[in-house]
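J.: Structure supplied as model03.cif; contents: mmCIF, C-alpha atoms and all ligand atoms.
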```cif
data_query
loop_
_atom_site.group_PDB
_atom_site.id
_atom_site.type_symbol
_atom_site.label_atom_id
_atom_site.label_comp_id
_atom_site.auth_asym_id
_atom_site.auth_seq_id
_atom_site.Cartn_x
_atom_site.Cartn_y
_atom_site.Cartn_z
ATOM 1 C CA MET U 1 88.143 -35.453 42.340
ATOM 2 C CA MET U 2 86.690 -38.100 44.701
ATOM 3 C CA ILE U 3 86.286 -41.597 43.344
ATOM 4 C CA LEU U 4 83.763 -44.279 44.246
ATOM 5 C CA LEU U 5 84.864 -47.735 43.118
ATOM 6 C CA HIS U 6 82.141 -50.381 42.781
ATOM 7 C CA ILE U 7 83.520 -53.899 42.494
ATOM 8 C CA ILE U 8 81.037 -56.482 41.219
ATOM 9 C CA ALA U 9 81.870 -60.149 41.786
ATOM 10 C CA SER U 10 78.666 -61.875 40.654
ATOM 11 C CA ALA U 11 78.555 -63.387 37.171
ATOM 12 C CA ARG U 12 74.732 -63.172 37.127
ATOM 13 C CA GLY U 13 74.441 -59.715 35.603
ATOM 14 C CA GLU U 14 70.983 -58.159 35.969
ATOM 15 C CA LEU U 15 69.798 -61.119 38.079
ATOM 16 C CA SER U 16 72.426 -60.623 40.748
ATOM 17 C CA HIS U 17 71.138 -59.634 44.201
ATOM 18 C CA SER U 18 74.546 -58.427 45.363
ATOM 19 C CA ARG U 19 75.055 -56.301 42.257
ATOM 20 C CA ARG U 20 71.642 -54.658 42.633
ATOM 21 C CA ALA U 21 72.331 -53.955 46.320
ATOM 22 C CA GLY U 22 75.748 -52.526 45.449
ATOM 23 C CA GLN U 23 74.243 -50.319 42.759
ATOM 24 C CA ALA U 24 71.685 -49.023 45.278
ATOM 25 C CA ALA U 25 74.503 -48.239 47.724
ATOM 26 C CA ALA U 26 76.521 -46.501 44.994
ATOM 27 C CA GLN U 27 73.454 -44.513 43.939
ATOM 28 C CA ALA U 28 72.816 -43.427 47.537
ATOM 29 C CA LEU U 29 76.385 -42.162 47.766
ATOM 30 C CA LEU U 30 76.179 -40.364 44.413
ATOM 31 C CA THR U 31 72.946 -38.651 45.475
ATOM 32 C CA GLN U 32 74.550 -37.485 48.681
ATOM 33 C CA CYS U 33 77.808 -36.468 47.047
ATOM 34 C CA PRO U 34 77.234 -35.695 43.321
ATOM 35 C CA SER U 35 80.880 -34.766 42.761
ATOM 36 C CA LEU U 36 81.886 -38.428 43.261
ATOM 37 C CA THR U 37 83.068 -40.148 40.092
ATOM 38 C CA LEU U 38 81.844 -43.758 39.823
ATOM 39 C CA ILE U 39 84.195 -46.413 38.476
ATOM 40 C CA GLU U 40 82.933 -49.978 38.029
ATOM 41 C CA ARG U 41 85.185 -53.027 38.080
ATOM 42 C CA ASN U 42 82.893 -55.825 36.932
ATOM 43 C CA LEU U 43 84.746 -59.047 37.729
ATOM 44 C CA GLY U 44 81.659 -61.131 36.993
ATOM 45 C CA ARG U 45 81.285 -59.876 33.436
ATOM 46 C CA PHE U 46 84.995 -59.422 32.725
ATOM 47 C CA PRO U 47 86.795 -62.022 34.879
ATOM 48 C CA ILE U 48 90.482 -61.459 35.458
ATOM 49 C CA PRO U 49 92.974 -64.318 35.098
ATOM 50 C CA HIS U 50 94.184 -66.200 38.122
ATOM 51 C CA PRO U 51 97.814 -65.503 39.032
ATOM 52 C CA ASP U 52 100.098 -67.510 36.739
ATOM 53 C CA ALA U 53 103.739 -68.601 37.089
ATOM 54 C CA ARG U 54 105.061 -65.348 35.586
ATOM 55 C CA PHE U 55 103.051 -63.292 38.066
ATOM 56 C CA VAL U 56 104.210 -65.365 41.035
ATOM 57 C CA GLU U 57 107.879 -65.115 40.024
ATOM 58 C CA ALA U 58 107.671 -61.368 39.381
ATOM 59 C CA SER U 59 105.692 -60.486 42.501
ATOM 60 C CA LEU U 60 108.141 -62.315 44.785
ATOM 61 C CA MET U 61 111.215 -60.792 43.099
ATOM 62 C CA PRO U 62 112.681 -57.591 44.606
ATOM 63 C CA GLU U 63 111.719 -54.613 42.457
ATOM 64 C CA ASP U 64 115.289 -53.635 41.530
ATOM 65 C CA GLN U 65 115.887 -57.109 40.030
ATOM 66 C CA ARG U 66 112.835 -57.074 37.746
ATOM 67 C CA GLY U 67 113.279 -56.784 33.999
ATOM 68 C CA ASP U 68 110.792 -56.015 31.231
ATOM 69 C CA ALA U 69 109.214 -59.490 31.395
ATOM 70 C CA GLN U 70 108.578 -59.210 35.133
ATOM 71 C CA HIS U 71 107.130 -55.693 34.797
ATOM 72 C CA ALA U 72 104.857 -56.968 32.033
ATOM 73 C CA ALA U 73 103.708 -59.849 34.245
ATOM 74 C CA LEU U 74 102.650 -57.333 36.909
ATOM 75 C CA THR U 75 100.813 -54.907 34.606
ATOM 76 C CA LEU U 76 97.302 -56.080 35.489
ATOM 77 C CA SER U 77 98.159 -56.208 39.179
ATOM 78 C CA GLU U 78 99.461 -52.618 39.060
ATOM 79 C CA THR U 79 96.302 -51.468 37.252
ATOM 80 C CA LEU U 80 94.055 -53.090 39.865
ATOM 81 C CA ILE U 81 96.091 -51.748 42.793
ATOM 82 C CA ASP U 82 96.075 -48.216 41.336
ATOM 83 C CA GLU U 83 92.316 -48.449 40.765
ATOM 84 C CA LEU U 84 91.774 -49.430 44.407
ATOM 85 C CA ASP U 85 94.294 -46.947 45.750
ATOM 86 C CA THR U 86 92.804 -43.944 43.940
ATOM 87 C CA ALA U 87 89.317 -44.757 45.282
ATOM 88 C CA ASP U 88 88.083 -42.699 48.221
ATOM 89 C CA PHE U 89 85.166 -45.037 48.833
ATOM 90 C CA VAL U 90 84.687 -48.685 47.823
ATOM 91 C CA VAL U 91 81.449 -50.654 47.456
ATOM 92 C CA LEU U 92 82.084 -54.369 46.977
ATOM 93 C CA SER U 93 79.147 -56.535 45.986
ATOM 94 C CA THR U 94 79.724 -60.257 46.062
ATOM 95 C CA PRO U 95 77.921 -63.569 46.344
ATOM 96 C CA MET U 96 78.954 -66.162 48.901
ATOM 97 C CA HIS U 97 80.275 -69.234 47.094
ATOM 98 C CA ASN U 98 80.900 -72.338 49.160
ATOM 99 C CA PHE U 99 81.104 -70.435 52.437
ATOM 100 C CA THR U 100 83.583 -67.847 51.196
ATOM 101 C CA VAL U 101 84.219 -65.420 48.319
ATOM 102 C CA PRO U 102 83.804 -66.483 44.659
ATOM 103 C CA SER U 103 87.020 -67.448 42.895
ATOM 104 C CA VAL U 104 86.985 -64.354 40.697
ATOM 105 C CA LEU U 105 87.113 -62.129 43.783
ATOM 106 C CA LYS U 106 89.871 -64.302 45.232
ATOM 107 C CA ALA U 107 91.805 -63.799 41.976
ATOM 108 C CA TRP U 108 91.337 -60.000 42.317
ATOM 109 C CA LEU U 109 92.644 -60.143 45.886
ATOM 110 C CA ASP U 110 95.628 -62.239 44.801
ATOM 111 C CA HIS U 111 96.566 -59.503 42.325
ATOM 112 C CA ILE U 112 96.112 -56.778 44.965
ATOM 113 C CA VAL U 113 97.713 -58.259 48.101
ATOM 114 C CA ARG U 114 101.428 -58.204 47.217
ATOM 115 C CA PRO U 115 104.545 -58.170 49.409
ATOM 116 C CA ARG U 116 106.493 -54.892 49.340
ATOM 117 C CA ARG U 117 103.728 -53.313 47.251
ATOM 118 C CA THR U 118 100.542 -53.308 49.335
ATOM 119 C CA PHE U 119 101.959 -54.786 52.551
ATOM 120 C CA ARG U 120 105.364 -55.349 54.083
ATOM 121 C CA ILE U 121 106.547 -58.090 56.375
ATOM 122 C CA THR U 122 108.128 -57.159 59.709
ATOM 123 C CA ALA U 123 109.265 -59.178 62.710
ATOM 124 C CA SER U 124 105.996 -58.293 64.416
ATOM 125 C CA GLY U 125 103.748 -59.132 61.489
ATOM 126 C CA LYS U 126 102.462 -57.694 58.228
ATOM 127 C CA ILE U 127 101.924 -53.954 57.842
ATOM 128 C CA GLY U 128 99.509 -52.588 55.250
ATOM 129 C CA LEU U 129 100.858 -49.978 52.838
ATOM 130 C CA LEU U 130 97.581 -48.548 51.478
ATOM 131 C CA ARG U 131 95.778 -45.683 53.197
ATOM 132 C CA ASP U 132 92.588 -46.625 54.969
ATOM 133 C CA ARG U 133 89.252 -45.775 53.327
ATOM 134 C CA PRO U 134 85.640 -46.943 53.734
ATOM 135 C CA VAL U 135 84.860 -50.299 52.154
ATOM 136 C CA ARG U 136 81.217 -51.375 52.287
ATOM 137 C CA ILE U 137 80.516 -54.983 51.339
ATOM 138 C CA LEU U 138 77.180 -56.456 50.261
ATOM 139 C CA LEU U 139 77.414 -60.231 50.704
ATOM 140 C CA ALA U 140 74.580 -62.174 49.018
ATOM 141 C CA CYS U 141 73.886 -65.673 50.388
ATOM 142 C CA GLY U 142 71.380 -68.339 49.440
ATOM 143 C CA GLY U 143 71.045 -69.448 53.075
ATOM 144 C CA ALA U 144 71.327 -67.977 56.551
ATOM 145 C CA LEU U 145 74.442 -66.819 58.422
ATOM 146 C CA GLY U 146 75.009 -66.333 62.137
ATOM 147 C CA ASP U 147 75.421 -68.619 65.132
ATOM 148 C CA ALA U 148 72.211 -70.589 64.591
ATOM 149 C CA ALA U 149 72.809 -71.111 60.861
ATOM 150 C CA GLU U 150 73.728 -74.445 59.314
ATOM 151 C CA GLN U 151 76.859 -73.033 57.698
ATOM 152 C CA ILE U 152 80.014 -71.149 58.689
ATOM 153 C CA ASP U 153 80.625 -67.751 57.112
ATOM 154 C CA PHE U 154 84.300 -67.754 56.140
ATOM 155 C CA ALA U 155 83.803 -64.785 53.777
ATOM 156 C CA THR U 156 83.310 -62.054 56.396
ATOM 157 C CA PRO U 157 86.348 -62.816 58.613
ATOM 158 C CA TYR U 158 88.450 -63.489 55.531
ATOM 159 C CA LEU U 159 87.557 -60.157 53.902
ATOM 160 C CA ARG U 160 88.221 -58.276 57.174
ATOM 161 C CA TYR U 161 91.609 -59.965 57.538
ATOM 162 C CA VAL U 162 92.764 -59.605 53.946
ATOM 163 C CA PHE U 163 91.781 -55.923 53.658
ATOM 164 C CA ALA U 164 93.405 -55.203 57.045
ATOM 165 C CA THR U 165 96.596 -56.818 55.730
ATOM 166 C CA ILE U 166 96.892 -54.069 53.111
ATOM 167 C CA GLY U 167 95.897 -51.285 55.531
ATOM 168 C CA ILE U 168 92.120 -51.057 55.082
ATOM 169 C CA THR U 169 90.207 -51.488 58.336
ATOM 170 C CA ASP U 170 87.224 -49.159 57.809
ATOM 171 C CA LEU U 171 85.157 -52.084 56.562
ATOM 172 C CA GLN U 172 81.508 -53.045 57.025
ATOM 173 C CA VAL U 173 79.812 -56.187 55.729
ATOM 174 C CA LEU U 174 76.060 -56.340 55.224
ATOM 175 C CA PRO U 175 74.954 -59.967 54.794
ATOM 176 C CA LEU U 176 71.997 -60.410 52.435
ATOM 177 C CA GLU U 177 70.732 -63.744 53.744
ATOM 178 C CA ASN U 178 68.220 -66.386 52.641
ATOM 179 C CA LEU U 179 68.008 -65.204 49.054
ATOM 180 C CA ASN U 180 67.284 -68.747 47.827
ATOM 181 C CA ARG U 181 64.629 -69.415 50.478
ATOM 182 C CA GLY U 182 61.519 -67.994 48.844
ATOM 183 C CA ALA U 183 59.810 -64.648 48.453
ATOM 184 C CA GLY U 184 58.992 -64.175 52.152
ATOM 185 C CA ALA U 185 62.613 -64.618 53.237
ATOM 186 C CA GLN U 186 63.785 -62.360 50.411
ATOM 187 C CA ALA U 187 61.377 -59.628 51.526
ATOM 188 C CA VAL U 188 62.866 -59.682 55.043
ATOM 189 C CA THR U 189 66.356 -59.336 53.552
ATOM 190 C CA GLN U 190 65.204 -56.501 51.267
ATOM 191 C CA ALA U 191 63.824 -54.662 54.305
ATOM 192 C CA SER U 192 67.155 -55.015 56.139
ATOM 193 C CA LEU U 193 68.939 -53.730 53.013
ATOM 194 C CA HIS U 194 66.693 -50.666 52.836
ATOM 195 C CA ALA U 195 67.193 -49.918 56.548
ATOM 196 C CA TRP U 196 70.950 -50.225 56.046
ATOM 197 C CA LEU U 197 70.832 -47.993 52.958
ATOM 198 C CA ASP U 198 68.952 -45.304 54.913
ATOM 199 C CA ARG U 199 71.608 -45.308 57.650
ATOM 200 C CA PHE U 200 74.376 -45.643 55.087
ATOM 201 C CA SER U 201 73.332 -42.726 52.871
ATOM 202 C CA SER U 202 72.841 -40.348 55.791
ATOM 203 C CA ARG U 203 76.253 -41.078 57.311
ATOM 204 C CA ALA U 204 78.491 -42.566 54.661
ATOM 205 C CA VAL U 205 80.196 -39.477 53.360
ATOM 206 C CA THR U 206 79.625 -37.012 56.205
ATOM 207 C CA ASP U 207 81.174 -39.433 58.726
ATOM 208 C CA ARG U 208 84.490 -39.376 56.958
HETATM 209 C C1 LIG U 301 78.818 -72.121 43.241
HETATM 210 C C2 LIG U 301 77.863 -71.574 44.263
HETATM 211 C C3 LIG U 301 78.112 -71.747 45.604
HETATM 212 C C4 LIG U 301 77.256 -71.237 46.559
HETATM 213 N N1 LIG U 301 77.572 -71.383 47.874
HETATM 214 C C5 LIG U 301 76.753 -70.854 48.822
HETATM 215 C C6 LIG U 301 77.090 -70.967 50.202
HETATM 216 O O1 LIG U 301 78.108 -71.519 50.597
HETATM 217 N N2 LIG U 301 76.246 -70.422 51.104
HETATM 218 C C7 LIG U 301 75.091 -69.762 50.733
HETATM 219 O O2 LIG U 301 74.364 -69.279 51.608
HETATM 220 N N3 LIG U 301 74.764 -69.627 49.420
HETATM 221 C C8 LIG U 301 75.564 -70.150 48.464
HETATM 222 N N4 LIG U 301 75.250 -70.009 47.133
HETATM 223 C C9 LIG U 301 74.051 -69.214 46.768
HETATM 224 C C10 LIG U 301 74.424 -67.778 46.419
HETATM 225 O O3 LIG U 301 75.220 -67.173 47.400
HETATM 226 C C11 LIG U 301 73.142 -66.953 46.239
HETATM 227 O O4 LIG U 301 72.413 -67.497 45.152
HETATM 228 C C12 LIG U 301 73.416 -65.475 45.995
HETATM 229 O O5 LIG U 301 72.208 -64.808 45.800
HETATM 230 C C13 LIG U 301 74.262 -65.240 44.775
HETATM 231 O O6 LIG U 301 74.560 -63.855 44.677
HETATM 232 P P1 LIG U 301 74.159 -63.020 43.383
HETATM 233 O O7 LIG U 301 72.646 -63.041 43.329
HETATM 234 O O8 LIG U 301 74.702 -61.652 43.632
HETATM 235 O O9 LIG U 301 74.775 -63.698 42.197
HETATM 236 C C14 LIG U 301 76.086 -70.539 46.160
HETATM 237 C C15 LIG U 301 75.814 -70.387 44.793
HETATM 238 C C16 LIG U 301 76.690 -70.899 43.861
HETATM 239 C C17 LIG U 301 76.368 -70.725 42.391
#
```
Would you mind writing the structure in this file as structure tokens?
Ligand SMILES: Cc1cc2nc3c(=O)[nH]c(=O)nc-3n(C[C@H](O)[C@H](O)[C@H](O)COP(=O)(O)O)c2cc1C

T.:
Amino acid sequence: MMILLHIIASARGELSHSRRAGQAAAQALLTQCPSLTLIERNLGRFPIPHPDARFVEASLMPEDQRGDAQHAALTLSETLIDELDTADFVVLSTPMHNFTVPSVLKAWLDHIVRPRRTFRITASGKIGLLRDRPVRILLACGGALGDAAEQIDFATPYLRYVFATIGITDLQVLPLENLNRGAGAQAVTQASLHAWLDRFSSRAVTDR
């Protein structure tokens, strides 16, 4: 069974641009490969807690020293890691919040990126422990990105770096820009989304 995991980081439900774009990407994949099973992790609707003191203590403790309390503190983290690790394909739809990812997505990453579990530390740097797989990211922004824009995009380099840390480098980010700049600007972004979806659905699964 092949699994498609769609992670939704917007809290705006039906109104969310990134969620709609992610659903279109997931639908394109399902049309191309009907045997895919879709799993949704909706962080916007069902936010996960930020790491607490029990999580921090347990995640830094060597596995053979953990007791029941430490295992319990890592239960959600293990669930989220397993969900990611069983996915063959990941679509991540997220807004940009203050030049980077929203805090609920940061919380998800903090549960996923764990020493000796999803990466290990060596003298020459960190080595990811998850197998690589395609991750396609739809990043919705109110304004523009790029060199001429009035803001710096910290989300894209951050997401590339953090996924690479756990072993996932097959990553593409499609920025959905200018979504708060009127209907004309939105139409341009919609057109770029549709062009991307056309390329995406013809190559996404067969390229693997
Ligand atoms: C708290 C907050 C911070 C935001 N920060 C930025 C930002 O730094 N850059 C930007 O272009 N848009 C920013 N926006 C606008 C959102 O990225 C934009 O509305 C986007 O469409 C939201 O995605 P969604 O429609 O999937 O919820 C921000 C919006 C909120 C609510």

J.: On this file, the PyMOL selection byres (((chain U and resi 106-108) around 8) and not hetatm) gives some set of residues; write that set as a PyMOL selection string.

T.: chain U and resi 48-51+80+101-105+109-112

J.: From the list U:Leu179, U:Ala58, U:Phe154, U:Phe89, which residue is nearest Thr75 (chain U) when using all atoms listed in the file?

T.: U:Ala58

J.: Find the residue from U:Asn180, U:Ser201, U:Thr79, U:Thr37 that sits nearest to ligand LIG 301 (chain U); use all atoms listed in the file when measuring.

T.: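 Once distances to ligand LIG 301 (chain U) are computed over all atoms listed in the file, the minimum belongs to U:Asn180.
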
J.: Do you know which residues are within 10 Å of ligand LIG 301 (chain U) using only C-alpha atoms and all ligand atoms? Can you write them as number ranges by chain?

T.: U: 8-22, 44, 93-103, 138-145, 149-155, 175-181, 186

J.: Grab the CA of Val91 (chain U) to CA of Leu76 (chain U) distance for me, in Å with one decimal place.

T.: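 CA of Val91 (chain U) sits 20.6 Å away from CA of Leu76 (chain U).
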
J.: Check which residues of region 160-202 of chain U sit at most 10 Å from region 23-27 of chain U using all atoms listed in the file, and return one row each with the closest pair of atoms and their distance in Å to one decimal, ordered by chain and rising number, as CSV.

T.:
```
residue,atom,partner,partner_atom,distance
U:Leu193,CA,U:Ala25,CA,9.4
U:His194,CA,U:Ala24,CA,9.2
U:Trp196,CA,U:Ala25,CA,9.3
U:Leu197,CA,U:Ala25,CA,6.4
U:Asp198,CA,U:Ala25,CA,9.5
U:Phe200,CA,U:Ala25,CA,7.8
U:Ser201,CA,U:Ala25,CA,7.6
```

J.: Since I can't run it myself right now, could you work out what the PyMOL selection byres (((chain U and resi 173) around 6) and not hetatm) selects here and report it as an NGL selection string?

T.: :U and (137 or 172 or 174)

J.: Tell me which residues the PyMOL selection byres (((chain U and resi 86) around 12) and not hetatm) grabs here, as a JSON list (two decimals) with C-alpha atoms, in the coordinates of the input.

T.:
```
[["chain", "number", "residue", "atom", "x", "y", "z"],
["U", 1, "MET", "CA", 88.14, -35.45, 42.34],
["U", 2, "MET", "CA", 86.69, -38.10, 44.70],
["U", 3, "ILE", "CA", 86.29, -41.60, 43.34],
["U", 4, "LEU", "CA", 83.76, -44.28, 44.25],
["U", 5, "LEU", "CA", 84.86, -47.74, 43.12],
["U", 37, "THR", "CA", 83.07, -40.15, 40.09],
["U", 38, "LEU", "CA", 81.84, -43.76, 39.82],
["U", 39, "ILE", "CA", 84.20, -46.41, 38.48],
["U", 78, "GLU", "CA", 99.46, -52.62, 39.06],
["U", 79, "THR", "CA", 96.30, -51.47, 37.25],
["U", 80, "LEU", "CA", 94.06, -53.09, 39.86],
["U", 81, "ILE", "CA", 96.09, -51.75, 42.79],
["U", 82, "ASP", "CA", 96.08, -48.22, 41.34],
["U", 83, "GLU", "CA", 92.32, -48.45, 40.76],
["U", 84, "LEU", "CA", 91.77, -49.43, 44.41],
["U", 85, "ASP", "CA", 94.29, -46.95, 45.75],
["U", 87, "ALA", "CA", 89.32, -44.76, 45.28],
["U", 88, "ASP", "CA", 88.08, -42.70, 48.22],
["U", 89, "PHE", "CA", 85.17, -45.04, 48.83],
["U", 90, "VAL", "CA", 84.69, -48.68, 47.82],
["U", 130, "LEU", "CA", 97.58, -48.55, 51.48],
["U", 131, "ARG", "CA", 95.78, -45.68, 53.20],
["U", 132, "ASP", "CA", 92.59, -46.62, 54.97],
["U", 133, "ARG", "CA", 89.25, -45.78, 53.33]]
```

J.: With only C-alpha atoms as the atoms that count, which of U:Leu30, U:Val188, U:Ala183, U:Ala73 lies nearest to Asp52 (chain U)?

T.: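 Once distances to Asp52 (chain U) are computed over only C-alpha atoms, the minimum belongs to U:Ala73.
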
J.: I'd like to know which of U:Ala28, U:Leu129, U:Val162, U:Leu74 is closest to Met61 (chain U), using all atoms listed in the file.

T.: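 The answer is U:Leu74, which sits nearest to Met61 (chain U).
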
J.: Figure out the distance between CA of Ile7 (chain U) and CA of Leu43 (chain U), please, to one decimal in Å.

T.: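 Spanning CA of Leu43 (chain U) to CA of Ile7 (chain U) is a straight-line distance of 7.1 Å.
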
J.: Take CA of Arg120 (chain U) and CA of Gly167 (chain U) and report the distance between them in Å, one decimal.

T.: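 Between these atoms lies a distance of 10.4 Å.
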
J.: Which of these residues is nearest to Leu171 (chain U), using all atoms listed in the file: U:Cys33, U:Val56, U:Ala191, U:Leu159?

T.: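 Residue with the minimum atom-to-atom distance to Leu171 (chain U): U:Leu159.
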
J.: Is it possible to get the axis-aligned box enclosing region 16-21 of chain U (all listed atoms, 8 Å extra per side) as JSON, with centre and edge lengths in Å rounded to one decimal?

T.:
```
{"center_x": 73.1, "center_y": -57.3, "center_z": 43.5, "size_x": 19.9, "size_y": 22.7, "size_z": 21.6}
```
